[in-house]
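File shown: input_31.cif (mmCIF, C-alpha atoms and all ligand atoms).
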data_data
loop_
_atom_site.label_atom_id
_atom_site.label_comp_id
_atom_site.auth_asym_id
_atom_site.auth_seq_id
_atom_site.Cartn_x
_atom_site.Cartn_y
_atom_site.Cartn_z
CA MET O 1 55.44 -16.30 -29.87
CA VAL O 2 53.70 -15.48 -33.15
CA THR O 3 56.21 -13.95 -35.53
CA MET O 4 55.75 -12.05 -38.76
CA ALA O 5 56.25 -14.08 -41.91
CA THR O 6 56.08 -12.47 -45.37
CA SER O 7 52.30 -12.69 -45.02
CA PRO O 8 51.41 -12.04 -41.35
CA PRO O 9 49.12 -14.72 -39.85
CA PHE O 10 46.55 -12.12 -38.86
CA GLN O 11 43.90 -14.60 -37.70
CA ALA O 12 46.31 -16.31 -35.31
CA VAL O 13 47.47 -12.96 -33.97
CA LEU O 14 43.88 -11.80 -33.39
CA ASP O 15 42.92 -15.05 -31.65
CA ARG O 16 45.87 -14.71 -29.33
CA ILE O 17 45.08 -11.06 -28.54
CA ALA O 18 41.46 -11.93 -27.70
CA GLU O 19 42.68 -14.57 -25.25
CA GLU O 20 45.02 -12.11 -23.57
CA ILE O 21 42.38 -9.35 -23.39
CA GLU O 22 40.04 -11.79 -21.64
CA GLN O 23 42.41 -11.60 -18.64
CA LEU O 24 42.69 -7.80 -18.67
CA PRO O 25 41.84 -6.36 -15.25
CA GLY O 26 39.97 -3.05 -14.87
CA ARG O 27 38.56 -2.20 -18.24
CA GLY O 28 37.47 1.38 -17.61
CA ARG O 29 33.98 2.83 -17.86
CA PRO O 30 31.65 3.58 -20.77
CA ALA O 31 31.09 7.24 -21.70
CA ASP O 32 28.35 8.20 -19.27
CA TYR O 33 28.12 11.84 -20.38
CA ILE O 34 26.19 10.48 -23.37
CA PRO O 35 23.37 8.61 -21.57
CA ALA O 36 22.65 6.40 -24.59
CA LEU O 37 26.17 4.90 -24.32
CA ALA O 38 26.36 4.59 -20.52
CA ALA O 39 24.81 1.11 -20.23
CA LEU O 40 27.37 -0.70 -22.41
CA ASP O 41 29.23 -3.59 -20.76
CA PRO O 42 32.98 -2.79 -20.69
CA ARG O 43 33.82 -6.49 -21.19
CA ARG O 44 32.53 -6.46 -24.76
CA PHE O 45 35.35 -6.75 -27.28
CA GLY O 46 35.87 -7.13 -31.02
CA MET O 47 38.78 -6.56 -33.36
CA ALA O 48 39.30 -6.68 -37.13
CA VAL O 49 42.23 -6.35 -39.52
CA ALA O 50 41.74 -5.53 -43.21
CA GLU O 51 44.36 -5.93 -45.89
CA PRO O 52 44.63 -3.35 -48.69
CA ASP O 53 42.94 -5.76 -51.14
CA GLY O 54 39.85 -5.99 -48.88
CA ALA O 55 40.55 -9.33 -47.17
CA VAL O 56 39.33 -8.99 -43.57
CA TYR O 57 39.99 -11.02 -40.43
CA GLY O 58 38.29 -10.69 -37.06
CA VAL O 59 37.80 -11.96 -33.55
CA GLY O 60 35.16 -11.50 -30.84
CA GLU O 61 32.33 -9.13 -31.72
CA TRP O 62 34.00 -7.86 -34.87
CA ARG O 63 30.73 -7.72 -36.80
CA GLN O 64 28.76 -6.00 -34.02
CA PRO O 65 27.83 -2.37 -34.88
CA PHE O 66 28.80 0.20 -32.23
CA SER O 67 28.69 4.00 -31.96
CA THR O 68 31.59 5.31 -34.02
CA GLN O 69 31.71 8.78 -32.38
CA SER O 70 35.03 10.58 -32.89
CA VAL O 71 36.45 7.85 -35.13
CA THR O 72 34.37 9.58 -37.85
CA LYS O 73 36.57 12.68 -37.53
CA VAL O 74 39.20 10.97 -39.69
CA TYR O 75 36.76 10.56 -42.56
CA THR O 76 35.34 14.09 -42.42
CA LEU O 77 38.91 15.40 -42.38
CA ALA O 78 39.72 13.31 -45.46
CA LEU O 79 36.52 14.42 -47.25
CA ASP O 80 37.16 18.08 -46.56
CA LEU O 81 40.88 17.94 -47.33
CA ALA O 82 40.08 16.31 -50.68
CA ARG O 83 37.78 19.25 -51.50
CA GLU O 84 39.60 22.29 -50.21
CA GLY O 85 43.21 21.15 -49.80
CA ASP O 86 45.64 23.17 -47.69
CA ALA O 87 43.23 26.13 -47.29
CA LEU O 88 41.66 24.07 -44.47
CA TRP O 89 44.73 24.60 -42.30
CA GLU O 90 44.00 28.34 -42.03
CA HIS O 91 40.95 27.38 -39.95
CA VAL O 92 42.24 24.48 -37.88
CA GLY O 93 45.77 23.63 -36.71
CA ARG O 94 47.63 20.34 -36.74
CA GLU O 95 49.41 20.29 -33.41
CA PRO O 96 48.60 18.07 -30.45
CA SER O 97 46.50 19.93 -27.89
CA GLY O 98 47.72 18.25 -24.70
CA ASN O 99 44.20 18.94 -23.40
CA PRO O 100 41.02 16.85 -23.14
CA PHE O 101 39.04 16.36 -26.35
CA ASN O 102 36.22 18.68 -25.29
CA SER O 103 38.37 21.42 -23.73
CA LEU O 104 37.58 25.11 -24.29
CA VAL O 105 40.71 26.48 -22.69
CA GLN O 106 43.05 26.97 -25.66
CA LEU O 107 40.46 28.49 -27.96
CA GLU O 108 40.53 31.96 -26.47
CA TYR O 109 44.33 32.23 -26.44
CA GLU O 110 44.43 31.04 -30.04
CA ASN O 111 41.68 33.27 -31.42
CA GLY O 112 39.10 30.59 -32.13
CA ILE O 113 41.43 28.40 -34.24
CA PRO O 114 41.37 24.90 -32.73
CA ARG O 115 44.65 23.04 -32.28
CA ASN O 116 43.77 20.08 -34.52
CA PRO O 117 40.87 18.43 -36.40
CA PHE O 118 40.43 15.60 -33.88
CA ILE O 119 39.53 17.49 -30.71
CA ASN O 120 35.85 18.43 -30.70
CA ALA O 121 36.46 22.09 -31.57
CA GLY O 122 38.55 21.14 -34.61
CA ALA O 123 36.08 18.51 -35.74
CA LEU O 124 33.28 21.08 -35.55
CA VAL O 125 35.28 23.37 -37.88
CA VAL O 126 35.89 20.51 -40.34
CA THR O 127 32.23 19.45 -40.33
CA ASP O 128 31.16 23.08 -40.77
CA ARG O 129 33.37 23.47 -43.83
CA LEU O 130 32.31 20.12 -45.27
CA HIS O 131 28.68 21.11 -44.75
CA THR O 132 29.20 24.38 -46.61
CA ARG O 133 30.74 22.49 -49.54
CA THR O 134 28.32 19.57 -49.71
CA GLY O 135 25.07 20.92 -48.22
CA ASN O 136 24.92 17.74 -46.10
CA ALA O 137 28.11 16.86 -44.22
CA ALA O 138 26.65 13.93 -42.28
CA GLY O 139 25.07 12.53 -45.45
CA ALA O 140 28.36 12.84 -47.38
CA LEU O 141 30.10 11.01 -44.55
CA LEU O 142 27.51 8.22 -44.47
CA ASP O 143 27.74 7.76 -48.26
CA PHE O 144 31.53 7.61 -47.98
CA LEU O 145 31.46 5.00 -45.19
CA ARG O 146 28.91 2.85 -47.01
CA ALA O 147 30.98 2.93 -50.21
CA GLU O 148 34.36 2.30 -48.57
CA SER O 149 33.13 -0.45 -46.20
CA GLY O 150 30.96 -2.06 -48.87
CA ASN O 151 28.11 -2.09 -46.32
CA PRO O 152 25.00 -0.24 -47.56
CA GLU O 153 23.25 -0.89 -44.22
CA LEU O 154 25.30 1.64 -42.23
CA SER O 155 23.06 4.30 -40.72
CA PHE O 156 22.63 7.01 -38.11
CA ASP O 157 21.50 6.02 -34.62
CA LYS O 158 18.72 8.52 -33.89
CA GLU O 159 18.66 7.69 -30.17
CA VAL O 160 22.37 8.45 -29.75
CA ALA O 161 22.10 11.66 -31.79
CA ALA O 162 19.12 12.78 -29.67
CA SER O 163 20.97 11.89 -26.47
CA GLU O 164 23.96 14.00 -27.51
CA THR O 165 21.74 16.88 -28.57
CA ALA O 166 20.03 16.83 -25.17
CA HIS O 167 23.40 16.88 -23.40
CA GLY O 168 25.31 18.98 -25.94
CA ASP O 169 26.03 22.14 -23.96
CA ARG O 170 29.81 21.72 -24.16
CA ASN O 171 29.86 21.26 -27.94
CA ALA O 172 27.38 24.14 -28.32
CA ALA O 173 29.69 26.34 -26.26
CA LEU O 174 32.69 25.40 -28.45
CA ALA O 175 30.75 26.12 -31.64
CA HIS O 176 29.36 29.47 -30.45
CA PHE O 177 32.76 30.55 -29.20
CA MET O 178 34.41 29.81 -32.55
CA ALA O 179 31.51 31.48 -34.37
CA SER O 180 32.29 34.65 -32.40
CA TYR O 181 35.73 34.60 -34.07
CA GLY O 182 34.18 34.07 -37.51
CA ASN O 183 35.51 30.50 -37.74
CA ILE O 184 32.09 28.85 -38.22
CA GLY O 185 30.13 29.52 -41.41
CA ASN O 186 26.79 27.81 -40.74
CA PRO O 187 24.25 28.64 -38.03
CA VAL O 188 25.40 26.85 -34.86
CA PRO O 189 22.20 24.73 -34.46
CA VAL O 190 22.61 23.50 -38.06
CA LEU O 191 26.25 22.61 -37.42
CA LEU O 192 25.48 20.81 -34.15
CA ASP O 193 22.77 18.75 -35.83
CA GLN O 194 25.27 17.68 -38.52
CA TYR O 195 28.00 16.95 -35.96
CA PHE O 196 25.80 14.87 -33.64
CA ARG O 197 24.45 12.87 -36.58
CA GLN O 198 28.04 12.31 -37.75
CA CYS O 199 29.02 10.98 -34.30
CA SER O 200 25.92 8.74 -34.09
CA ILE O 201 26.77 6.51 -37.07
CA ASP O 202 26.88 2.84 -36.08
CA ALA O 203 29.45 0.57 -37.75
CA SER O 204 31.34 -2.61 -36.84
CA CYS O 205 35.07 -3.27 -36.55
CA ALA O 206 34.93 -4.99 -39.96
CA ASP O 207 33.17 -1.97 -41.52
CA LEU O 208 35.67 0.53 -40.11
CA ALA O 209 38.79 -1.52 -40.83
CA LEU O 210 37.61 -1.71 -44.47
CA ALA O 211 36.50 1.95 -44.63
CA THR O 212 39.94 3.07 -43.42
CA GLY O 213 41.70 1.12 -46.18
CA PHE O 214 42.29 4.25 -48.28
CA LEU O 215 44.83 5.38 -45.67
CA ALA O 216 46.80 2.12 -46.02
CA ARG O 217 46.52 2.38 -49.84
CA HIS O 218 48.09 5.88 -49.86
CA GLY O 219 44.83 7.62 -50.80
CA ILE O 220 43.22 5.07 -53.12
CA GLY O 221 39.56 4.17 -52.41
CA ALA O 222 37.99 0.72 -52.33
CA ASP O 223 36.98 0.94 -56.02
CA GLY O 224 40.48 1.96 -57.14
CA SER O 225 39.70 5.67 -57.57
CA ARG O 226 41.92 8.28 -55.94
CA LEU O 227 40.30 9.90 -52.86
CA LEU O 228 43.34 11.75 -51.53
CA THR O 229 46.74 12.54 -53.00
CA ARG O 230 49.51 10.35 -51.66
CA SER O 231 50.75 13.36 -49.75
CA GLN O 232 47.32 14.06 -48.21
CA ALA O 233 47.01 10.42 -47.08
CA LYS O 234 50.38 10.81 -45.38
CA GLN O 235 49.19 14.04 -43.76
CA VAL O 236 46.02 12.43 -42.36
CA ASN O 237 48.06 9.54 -40.97
CA ALA O 238 50.51 12.01 -39.40
CA VAL O 239 47.74 13.98 -37.69
CA MET O 240 46.24 10.70 -36.42
CA LEU O 241 49.57 9.74 -34.91
CA THR O 242 50.12 13.08 -33.19
CA CYS O 243 46.53 14.00 -32.26
CA GLY O 244 44.23 10.97 -32.72
CA THR O 245 44.02 9.99 -29.07
CA TYR O 246 43.95 13.54 -27.62
CA ASP O 247 46.10 14.13 -24.54
CA ALA O 248 47.15 10.46 -24.63
CA ALA O 249 48.66 10.66 -28.14
CA GLY O 250 52.22 10.45 -26.81
CA ASP O 251 51.46 7.35 -24.79
CA PHE O 252 49.57 5.79 -27.72
CA ALA O 253 52.53 6.38 -30.06
CA TYR O 254 54.84 4.92 -27.42
CA ARG O 255 52.75 1.79 -26.82
CA VAL O 256 51.21 1.17 -30.25
CA GLY O 257 53.39 3.06 -32.73
CA LEU O 258 50.68 3.58 -35.36
CA PRO O 259 48.43 6.39 -36.59
CA GLY O 260 45.21 5.83 -34.63
CA LYS O 261 41.91 7.51 -33.85
CA SER O 262 39.64 6.77 -30.92
CA GLY O 263 36.01 7.54 -30.13
CA VAL O 264 34.06 7.54 -26.87
CA GLY O 265 31.91 4.65 -28.17
CA GLY O 266 35.02 2.54 -27.43
CA GLY O 267 36.26 2.16 -31.01
CA ILE O 268 39.81 2.82 -32.21
CA ILE O 269 41.04 2.63 -35.81
CA ALA O 270 44.72 2.31 -36.70
CA VAL O 271 46.73 2.22 -39.92
CA VAL O 272 49.87 0.36 -40.96
CA PRO O 273 50.55 2.25 -44.22
CA GLY O 274 50.93 -0.13 -47.15
CA ARG O 275 50.10 -3.18 -45.02
CA CYS O 276 46.75 -3.17 -43.24
CA THR O 277 44.15 -1.26 -41.24
CA LEU O 278 42.75 -2.21 -37.85
CA CYS O 279 39.67 -1.49 -35.80
CA VAL O 280 39.12 -2.57 -32.21
CA TRP O 281 36.07 -2.01 -30.03
CA SER O 282 35.57 -2.29 -26.29
CA PRO O 283 33.42 0.32 -24.53
CA GLY O 284 35.34 0.72 -21.24
CA LEU O 285 37.25 4.03 -21.44
CA ASP O 286 40.20 5.41 -19.51
CA GLU O 287 40.07 8.91 -18.05
CA ARG O 288 41.18 10.44 -21.36
CA GLY O 289 38.35 8.84 -23.31
CA ASN O 290 40.26 6.02 -25.02
CA SER O 291 39.21 2.34 -24.86
CA VAL O 292 41.32 0.53 -22.25
CA ALA O 293 41.11 -2.90 -23.89
CA GLY O 294 41.34 -1.29 -27.34
CA VAL O 295 44.69 0.37 -26.67
CA ALA O 296 45.96 -2.81 -25.00
CA ALA O 297 44.91 -4.92 -28.00
CA LEU O 298 46.64 -2.60 -30.49
CA ASP O 299 49.72 -2.56 -28.27
CA ARG O 300 49.77 -6.38 -28.41
CA PHE O 301 49.17 -6.38 -32.17
CA THR O 302 52.20 -4.26 -33.00
CA THR O 303 54.33 -6.14 -30.46
CA LEU O 304 53.36 -9.58 -31.79
CA THR O 305 53.65 -8.70 -35.49
CA GLY O 306 56.40 -6.07 -35.46
CA LEU O 307 54.15 -3.99 -37.75
CA SER O 308 54.54 -0.33 -36.78
CA VAL O 309 55.59 2.90 -38.45
CA PHE O 310 58.74 2.88 -36.30
N1 LIG O 401 30.20 12.88 -29.83
C1 LIG O 401 31.25 12.98 -28.85
C2 LIG O 401 31.31 14.40 -28.33
O1 LIG O 401 31.18 15.29 -29.10
C3 LIG O 401 32.54 12.58 -29.50
C4 LIG O 401 33.70 12.64 -28.55
C5 LIG O 401 34.68 11.52 -28.75
O2 LIG O 401 34.38 10.45 -29.29
N2 LIG O 401 35.88 11.70 -28.24
O3 LIG O 401 31.51 14.64 -27.17
#
Starting from the file, lay out its structure as structure tokens.
Ligand code: GLN
Amino acid sequence: MVTMATSPPFQAVLDRIAEEIEQLPGRGRPADYIPALAALDPRRFGMAVAEPDGAVYGVGEWRQPFSTQSVTKVYTLALDLAREGDALWEHVGREPSGNPFNSLVQLEYENGIPRNPFINAGALVVTDRLHTRTGNAAGALLDFLRAESGNPELSFDKEVAASETAHGDRNAALAHFMASYGNIGNPVPVLLDQYFRQCSIDASCADLALATGFLARHGIGADGSRLLTRSQAKQVNAVMLTCGTYDAAGDFAYRVGLPGKSGVGGGIIAVVPGRCTLCVWSPGLDERGNSVAGVAALDRFTTLTGLSVF
């Protein structure tokens, strides 16, 4: 049994997790509603841990870029919250939805105000507001990720963005519906273009573990500047814990015990405030859209190290 010393032996923990994941039966299926992601082999796996000072450890395909998808919703939330503060919460809630990430059903009952910023409807509102403030939401996000990961090579995947645009009826419906309530400020086609480009960014586990570091450093960016107030960093972590894995957030908190955010590319980021950030990637998803091996690996990480918010 690997136990936590004053400095956790992250490399040994990661090596052990990779060995265990190798044996994992039934790894789910890649997201086939986005044709450009459907061909990914569910046995692929990588995982990275970054310490607040930027030291990074990894195992498997931890330097392999993958489609970040909804993981990016954490960063757009942070970017918008930093600009407009609490006024954001008049346009999007912060309660778990208990419904699938692309569900339309609650929006009509709740007058076009999405439950939280991590379901698609809520992320569309956040991206819309960020776009109004910056003139280029996807570009602001890419600049942020490049700066925080230290990787200037990060870029949009045009094929994935085009694939989502071609199969984007559900997101278009969400955006038009919210626009009818006055909760979208930009023309819907402009917003969808920004949102699909946002979701198409490719990055590796190492890149995302590093880019998430500001949430472990209580709002401080990679260069030492303050990105969020300490309180806002706590708020983003709290919304990740309660809403970051959609209608599986309760089970994720039970098994992993960390703020986390998944994406249908198979990535999941997680934060141990003050200690480290994690990113795991494996493209086989469960029926709620979360990586099967990814959740299992994070479950093992918090069990082996004892690092959790509980
Ligand atoms: N781009 C995907 C979509 O909008 C993101 C969903 C996800 O990763 N959960 O459907």
Exercise answer, 6 Å around ligand LIG 401 (chain O) with only C-alpha atoms and all ligand atoms, as a list in words: Gln69, Ser70, Phe101, Asn120, Cys199, Gly263 and Val264 of chain O
Atom CA of Ala137 of chain O to atom CA of Ala161 of chain O, straight-line distance in Å: 14.8 Å
Expected answer as number ranges by chain: all residues with atoms within 12 Å of (42.9, -11.4, -21.0), only C-alpha atoms: O: 15-27, 43, 45, 293, 296-297, 300
Separation of atom CA of Val126 of chain O from atom CA of Val236 of chain O in Å: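 Atom-to-atom, atom CA of Val236 of chain O to atom CA of Val126 of chain O, that is 13.1 Å.
Going from atom CA of Gly306 of chain O to atom CA of Ser204 of chain O covers 25.3 Å.
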Contacts of segment 183-186 of chain O within 9 Å, only C-alpha atoms, excl. fewer than 6 positions in-chain, as a ChimeraX atom specification: /O:91,112-113,124-125,128-129,131-132,175-177
Nearest residue to Gln11 of chain O from the set O:Ser225, O:Asn171, O:Thr305, O:Thr127 (distances using all atoms listed in the file): O:Thr305
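When all atoms listed in the file are used to measure the gap to Leu192 of chain O, the shortest distance among O:Gly265, O:Gly85, O:Gly168, O:Gly213 belongs to O:Gly168.
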Residue neighbourhood Ser291 of chain O, 8 Å, all atoms listed in the file, exclusion window fewer than 2 positions, as a VMD selection string: chain O and resid 28 262 264 266 to 268 281 to 286 289 293 to 295
